[in-house]
>>> print(open('work19.cif').read())   # mmCIF, C-alpha atoms, pLDDT in the B column; chains and numbers go by the auth columns
data_run
loop_
_atom_site.group_PDB
_atom_site.id
_atom_site.type_symbol
_atom_site.label_atom_id
_atom_site.label_comp_id
_atom_site.label_asym_id
_atom_site.label_seq_id
_atom_site.Cartn_x
_atom_site.Cartn_y
_atom_site.Cartn_z
_atom_site.B_iso_or_equiv
_atom_site.auth_seq_id
_atom_site.auth_asym_id
ATOM 1 C CA MET A 1 0.000 0.000 0.000 88.00 1 E
ATOM 2 C CA LYS A 2 1.218 3.483 -0.867 94.00 2 E
ATOM 3 C CA ILE A 3 0.573 6.363 1.516 96.00 3 E
ATOM 4 C CA TYR A 4 0.407 9.939 0.246 97.00 4 E
ATOM 5 C CA TYR A 5 0.195 13.133 2.299 97.00 5 E
ATOM 6 C CA LYS A 6 -1.287 16.265 0.744 96.00 6 E
ATOM 7 C CA ARG A 7 0.127 19.718 1.493 96.00 7 E
ATOM 8 C CA PRO A 8 -2.467 20.824 4.146 95.00 8 E
ATOM 9 C CA PHE A 9 -1.900 17.597 6.094 97.00 9 E
ATOM 10 C CA VAL A 10 1.884 17.999 6.102 97.00 10 E
ATOM 11 C CA GLN A 11 1.702 21.681 7.054 96.00 11 E
ATOM 12 C CA PHE A 12 -0.548 20.972 10.052 97.00 12 E
ATOM 13 C CA VAL A 13 1.729 18.192 11.313 97.00 13 E
ATOM 14 C CA LYS A 14 4.838 20.385 10.945 97.00 14 E
ATOM 15 C CA LYS A 15 3.252 23.191 12.985 97.00 15 E
ATOM 16 C CA SER A 16 2.047 20.822 15.724 96.00 16 E
ATOM 17 C CA ARG A 17 3.934 20.062 18.892 96.00 17 E
ATOM 18 C CA LYS A 18 5.716 16.738 19.290 97.00 18 E
ATOM 19 C CA PRO A 19 3.087 14.976 21.497 97.00 19 E
ATOM 20 C CA LEU A 20 0.358 15.721 18.944 97.00 20 E
ATOM 21 C CA GLN A 21 2.631 14.655 16.086 97.00 21 E
ATOM 22 C CA LEU A 22 3.116 11.276 17.781 97.00 22 E
ATOM 23 C CA VAL A 23 -0.632 10.833 18.257 97.00 23 E
ATOM 24 C CA ILE A 24 -1.231 11.738 14.603 97.00 24 E
ATOM 25 C CA GLU A 25 1.362 9.167 13.571 97.00 25 E
ATOM 26 C CA ASP A 26 -0.450 6.511 15.635 97.00 26 E
ATOM 27 C CA LYS A 27 -3.805 7.473 14.121 97.00 27 E
ATOM 28 C CA VAL A 28 -2.392 7.306 10.574 97.00 28 E
ATOM 29 C CA ILE A 29 -1.158 3.766 11.268 96.00 29 E
ATOM 30 C CA LEU A 30 -4.562 2.872 12.728 96.00 30 E
ATOM 31 C CA VAL A 31 -6.415 4.209 9.675 96.00 31 E
ATOM 32 C CA CYS A 32 -4.013 2.444 7.312 94.00 32 E
ATOM 33 C CA LYS A 33 -4.754 -0.870 9.015 93.00 33 E
ATOM 34 C CA ASN A 34 -8.520 -0.316 8.824 92.00 34 E
ATOM 35 C CA PRO A 35 -9.595 2.575 6.554 91.00 35 E
ATOM 36 C CA GLU A 36 -13.263 1.922 7.258 90.00 36 E
ATOM 37 C CA LEU A 37 -12.826 3.433 10.746 93.00 37 E
ATOM 38 C CA GLY A 38 -13.785 6.841 9.411 95.00 38 E
ATOM 39 C CA LYS A 39 -17.245 7.835 8.261 95.00 39 E
ATOM 40 C CA GLN A 40 -17.807 8.406 4.567 95.00 40 E
ATOM 41 C CA LYS A 41 -19.108 11.859 3.759 93.00 41 E
ATOM 42 C CA ILE A 42 -22.000 12.665 1.440 92.00 42 E
ATOM 43 C CA GLY A 43 -22.621 15.520 -0.956 89.00 43 E
ATOM 44 C CA ASP A 44 -19.608 17.523 -2.163 88.00 44 E
ATOM 45 C CA LEU A 45 -17.205 15.335 -0.194 91.00 45 E
ATOM 46 C CA HIS A 46 -18.823 11.988 -1.050 90.00 46 E
ATOM 47 C CA ASN A 47 -15.548 10.198 -1.823 90.00 47 E
ATOM 48 C CA LEU A 48 -13.767 11.226 1.412 95.00 48 E
ATOM 49 C CA PHE A 49 -13.704 9.615 4.823 97.00 49 E
ATOM 50 C CA ILE A 50 -13.390 11.539 8.093 97.00 50 E
ATOM 51 C CA TYR A 51 -11.802 9.959 11.145 97.00 51 E
ATOM 52 C CA LYS A 52 -12.310 11.809 14.441 97.00 52 E
ATOM 53 C CA PHE A 53 -10.120 11.536 17.527 97.00 53 E
ATOM 54 C CA ARG A 54 -9.506 13.468 20.719 96.00 54 E
ATOM 55 C CA PHE A 55 -6.230 14.797 22.105 96.00 55 E
ATOM 56 C CA ASN A 56 -6.067 16.923 25.282 94.00 56 E
ATOM 57 C CA SER A 57 -9.869 17.335 25.261 93.00 57 E
ATOM 58 C CA GLN A 58 -9.730 18.767 21.706 95.00 58 E
ATOM 59 C CA GLU A 59 -11.403 16.946 18.841 96.00 59 E
ATOM 60 C CA TYR A 60 -9.423 16.569 15.612 97.00 60 E
ATOM 61 C CA LEU A 61 -10.649 15.467 12.206 97.00 61 E
ATOM 62 C CA MET A 62 -8.581 13.617 9.626 98.00 62 E
ATOM 63 C CA ALA A 63 -9.748 13.540 5.984 97.00 63 E
ATOM 64 C CA TYR A 64 -8.574 10.750 3.706 97.00 64 E
ATOM 65 C CA LYS A 65 -9.471 8.704 0.656 96.00 65 E
ATOM 66 C CA TYR A 66 -8.366 5.203 -0.307 94.00 66 E
ATOM 67 C CA GLY A 67 -8.449 2.933 -3.335 92.00 67 E
ATOM 68 C CA LEU A 68 -8.991 -0.818 -3.559 88.00 68 E
ATOM 69 C CA ASN A 69 -7.948 -3.366 -6.175 86.00 69 E
ATOM 70 C CA GLU A 70 -10.466 -4.886 -8.610 83.00 70 E
ATOM 71 C CA ASN A 71 -11.575 -7.562 -6.130 83.00 71 E
ATOM 72 C CA ASN A 72 -12.027 -5.002 -3.311 77.00 72 E
ATOM 73 C CA LEU A 73 -9.776 -7.188 -1.173 79.00 73 E
ATOM 74 C CA GLU A 74 -6.599 -5.153 -0.936 85.00 74 E
ATOM 75 C CA ILE A 75 -5.976 -1.455 -0.282 88.00 75 E
ATOM 76 C CA LEU A 76 -3.685 -0.054 -2.968 92.00 76 E
ATOM 77 C CA TRP A 77 -3.289 3.537 -1.753 95.00 77 E
ATOM 78 C CA ILE A 78 -4.378 6.056 0.878 96.00 78 E
ATOM 79 C CA ASP A 79 -4.321 9.844 0.435 96.00 79 E
ATOM 80 C CA PHE A 80 -4.379 11.906 3.638 97.00 80 E
ATOM 81 C CA TYR A 81 -5.839 15.287 2.672 97.00 81 E
ATOM 82 C CA LYS A 82 -6.227 17.362 5.799 97.00 82 E
ATOM 83 C CA ILE A 83 -6.148 17.218 9.565 97.00 83 E
ATOM 84 C CA GLY A 84 -7.272 19.831 12.041 96.00 84 E
ATOM 85 C CA CYS A 85 -9.863 21.084 14.492 94.00 85 E
ATOM 86 C CA HIS A 86 -13.517 21.213 13.539 90.00 86 E
ATOM 87 C CA GLU A 87 -13.564 24.995 13.058 90.00 87 E
ATOM 88 C CA ASN A 88 -13.589 25.775 9.297 92.00 88 E
ATOM 89 C CA PHE A 89 -12.381 22.223 8.580 94.00 89 E
ATOM 90 C CA TYR A 90 -14.961 21.342 5.944 93.00 90 E
ATOM 91 C CA SER A 91 -14.921 24.701 4.161 93.00 91 E
ATOM 92 C CA GLU A 92 -11.120 24.640 3.882 93.00 92 E
ATOM 93 C CA LEU A 93 -11.233 21.016 2.735 94.00 93 E
ATOM 94 C CA LYS A 94 -13.715 21.888 -0.014 92.00 94 E
ATOM 95 C CA LYS A 95 -11.483 24.772 -1.181 91.00 95 E
ATOM 96 C CA PHE A 96 -8.491 22.446 -1.368 90.00 96 E
ATOM 97 C CA ILE A 97 -10.317 19.703 -3.274 88.00 97 E
ATOM 98 C CA HIS A 98 -12.273 21.864 -5.739 79.00 98 E
#
>>> encode(input="work19.cif", output="structure tokens")
Amino acid sequence: MKIYYKRPFVQFVKKSRKPLQLVIEDKVILVCKNPELGKQKIGDLHNLFIYKFRFNSQEYLMAYKYGLNENNLEILWIDFYKIGCHENFYSELKKFIH
């Protein structure tokens, strides 16, 4: 499986403090093992999944998309688009995608 990180995801992780970076790394591994953990969005973002987690009583959202092989048995790739707090998360995600 190939893992790709989009620019907004990388920028957020770089600006974060080390404890949060380590938690994000753990959550990325968790999502890679089971990408169906997140909820699939509908509407404009219908092909994206959002995984929510808490760190220091703050909720964070992680947006990603993945692709399967023809038999839907194996994950070929995962794109991590954005991570951040709920405030303006979806509007910024839409701007980045469209």
>>> residues_around(input="work19.cif", residues="segment 13-16 of chain E", least_positions_apart="4", cutoff="12 Å", atoms="only C-alpha atoms", output="VMD selection string")
chain E and resid 5 to 9 20 to 25 28 62 80 to 85
>>> closest_residue(input="work19.cif", among="E:Glu70, E:Asp44, E:Glu36, E:Asp26", to="Leu93 of chain E", atoms="only C-alpha atoms")
E:Asp44
>>> closest_residue(input="work19.cif", among="E:Val10, E:Leu68, E:Ile78, E:Met1", to="Phe49 of chain E", atoms="only C-alpha atoms")
E:Ile78
>>> closest_residue(input="work19.cif", among="E:Val31, E:Leu61, E:Gln40, E:Phe55", to="Ile75 of chain E", atoms="all atoms listed in the file")
E:Val31
>>> atom_distance(input="work19.cif", atom1="atom CA of Asn47 of chain E", atom2="atom CA of Glu74 of chain E")
17.8 Å
>>> residues_around(input="work19.cif", residues="Pro35 of chain E", least_positions_apart="2", cutoff="10 Å", atoms="all atoms listed in the file", output="ChimeraX atom specification")
/E:28-33,37-39,49-51,64-67,75,78
>>> atom_distance(input="work19.cif", atom1="atom CA of Ala63 of chain E", atom2="atom CA of Lys41 of chain E")
9.8 Å
>>> atom_distance(input="work19.cif", atom1="atom CA of Ile3 of chain E", atom2="atom CA of Ser57 of chain E")
28.2 Å
>>> closest_residue(input="work19.cif", among="E:Leu76, E:Lys2, E:Asn56, E:Glu87", to="Pro19 of chain E", atoms="all atoms listed in the file")
E:Asn56
>>> closest_residue(input="work19.cif", among="E:Ile97, E:Lys52, E:Ile42, E:Tyr4", to="Lys27 of chain E", atoms="only C-alpha atoms")
E:Lys52
>>> decode(input="work19.cif", residues="segment 20-96 of chain E", atoms="C-alpha atoms", output="mmCIF file, in the first residue's frame")
data_model
loop_
_atom_site.group_PDB
_atom_site.id
_atom_site.type_symbol
_atom_site.label_atom_id
_atom_site.label_comp_id
_atom_site.auth_asym_id
_atom_site.auth_seq_id
_atom_site.Cartn_x
_atom_site.Cartn_y
_atom_site.Cartn_z
ATOM 1 C CA LEU E 20 0.358 15.721 18.944
ATOM 2 C CA GLN E 21 2.631 14.655 16.086
ATOM 3 C CA LEU E 22 3.116 11.276 17.781
ATOM 4 C CA VAL E 23 -0.632 10.833 18.257
ATOM 5 C CA ILE E 24 -1.231 11.738 14.603
ATOM 6 C CA GLU E 25 1.362 9.167 13.571
ATOM 7 C CA ASP E 26 -0.450 6.511 15.635
ATOM 8 C CA LYS E 27 -3.805 7.473 14.121
ATOM 9 C CA VAL E 28 -2.392 7.306 10.574
ATOM 10 C CA ILE E 29 -1.158 3.766 11.268
ATOM 11 C CA LEU E 30 -4.562 2.872 12.728
ATOM 12 C CA VAL E 31 -6.415 4.209 9.675
ATOM 13 C CA CYS E 32 -4.013 2.444 7.312
ATOM 14 C CA LYS E 33 -4.754 -0.870 9.015
ATOM 15 C CA ASN E 34 -8.520 -0.316 8.824
ATOM 16 C CA PRO E 35 -9.595 2.575 6.554
ATOM 17 C CA GLU E 36 -13.263 1.922 7.258
ATOM 18 C CA LEU E 37 -12.826 3.433 10.746
ATOM 19 C CA GLY E 38 -13.785 6.841 9.411
ATOM 20 C CA LYS E 39 -17.245 7.835 8.261
ATOM 21 C CA GLN E 40 -17.807 8.406 4.567
ATOM 22 C CA LYS E 41 -19.108 11.859 3.759
ATOM 23 C CA ILE E 42 -22.000 12.665 1.440
ATOM 24 C CA GLY E 43 -22.621 15.520 -0.956
ATOM 25 C CA ASP E 44 -19.608 17.523 -2.163
ATOM 26 C CA LEU E 45 -17.205 15.335 -0.194
ATOM 27 C CA HIS E 46 -18.823 11.988 -1.050
ATOM 28 C CA ASN E 47 -15.548 10.198 -1.823
ATOM 29 C CA LEU E 48 -13.767 11.226 1.412
ATOM 30 C CA PHE E 49 -13.704 9.615 4.823
ATOM 31 C CA ILE E 50 -13.390 11.539 8.093
ATOM 32 C CA TYR E 51 -11.802 9.959 11.145
ATOM 33 C CA LYS E 52 -12.310 11.809 14.441
ATOM 34 C CA PHE E 53 -10.120 11.536 17.527
ATOM 35 C CA ARG E 54 -9.506 13.468 20.719
ATOM 36 C CA PHE E 55 -6.230 14.797 22.105
ATOM 37 C CA ASN E 56 -6.067 16.923 25.282
ATOM 38 C CA SER E 57 -9.869 17.335 25.261
ATOM 39 C CA GLN E 58 -9.730 18.767 21.706
ATOM 40 C CA GLU E 59 -11.403 16.946 18.841
ATOM 41 C CA TYR E 60 -9.423 16.569 15.612
ATOM 42 C CA LEU E 61 -10.649 15.467 12.206
ATOM 43 C CA MET E 62 -8.581 13.617 9.626
ATOM 44 C CA ALA E 63 -9.748 13.540 5.984
ATOM 45 C CA TYR E 64 -8.574 10.750 3.706
ATOM 46 C CA LYS E 65 -9.471 8.704 0.656
ATOM 47 C CA TYR E 66 -8.366 5.203 -0.307
ATOM 48 C CA GLY E 67 -8.449 2.933 -3.335
ATOM 49 C CA LEU E 68 -8.991 -0.818 -3.559
ATOM 50 C CA ASN E 69 -7.948 -3.366 -6.175
ATOM 51 C CA GLU E 70 -10.466 -4.886 -8.610
ATOM 52 C CA ASN E 71 -11.575 -7.562 -6.130
ATOM 53 C CA ASN E 72 -12.027 -5.002 -3.311
ATOM 54 C CA LEU E 73 -9.776 -7.188 -1.173
ATOM 55 C CA GLU E 74 -6.599 -5.153 -0.936
ATOM 56 C CA ILE E 75 -5.976 -1.455 -0.282
ATOM 57 C CA LEU E 76 -3.685 -0.054 -2.968
ATOM 58 C CA TRP E 77 -3.289 3.537 -1.753
ATOM 59 C CA ILE E 78 -4.378 6.056 0.878
ATOM 60 C CA ASP E 79 -4.321 9.844 0.435
ATOM 61 C CA PHE E 80 -4.379 11.906 3.638
ATOM 62 C CA TYR E 81 -5.839 15.287 2.672
ATOM 63 C CA LYS E 82 -6.227 17.362 5.799
ATOM 64 C CA ILE E 83 -6.148 17.218 9.565
ATOM 65 C CA GLY E 84 -7.272 19.831 12.041
ATOM 66 C CA CYS E 85 -9.863 21.084 14.492
ATOM 67 C CA HIS E 86 -13.517 21.213 13.539
ATOM 68 C CA GLU E 87 -13.564 24.995 13.058
ATOM 69 C CA ASN E 88 -13.589 25.775 9.297
ATOM 70 C CA PHE E 89 -12.381 22.223 8.580
ATOM 71 C CA TYR E 90 -14.961 21.342 5.944
ATOM 72 C CA SER E 91 -14.921 24.701 4.161
ATOM 73 C CA GLU E 92 -11.120 24.640 3.882
ATOM 74 C CA LEU E 93 -11.233 21.016 2.735
ATOM 75 C CA LYS E 94 -13.715 21.888 -0.014
ATOM 76 C CA LYS E 95 -11.483 24.772 -1.181
ATOM 77 C CA PHE E 96 -8.491 22.446 -1.368
#
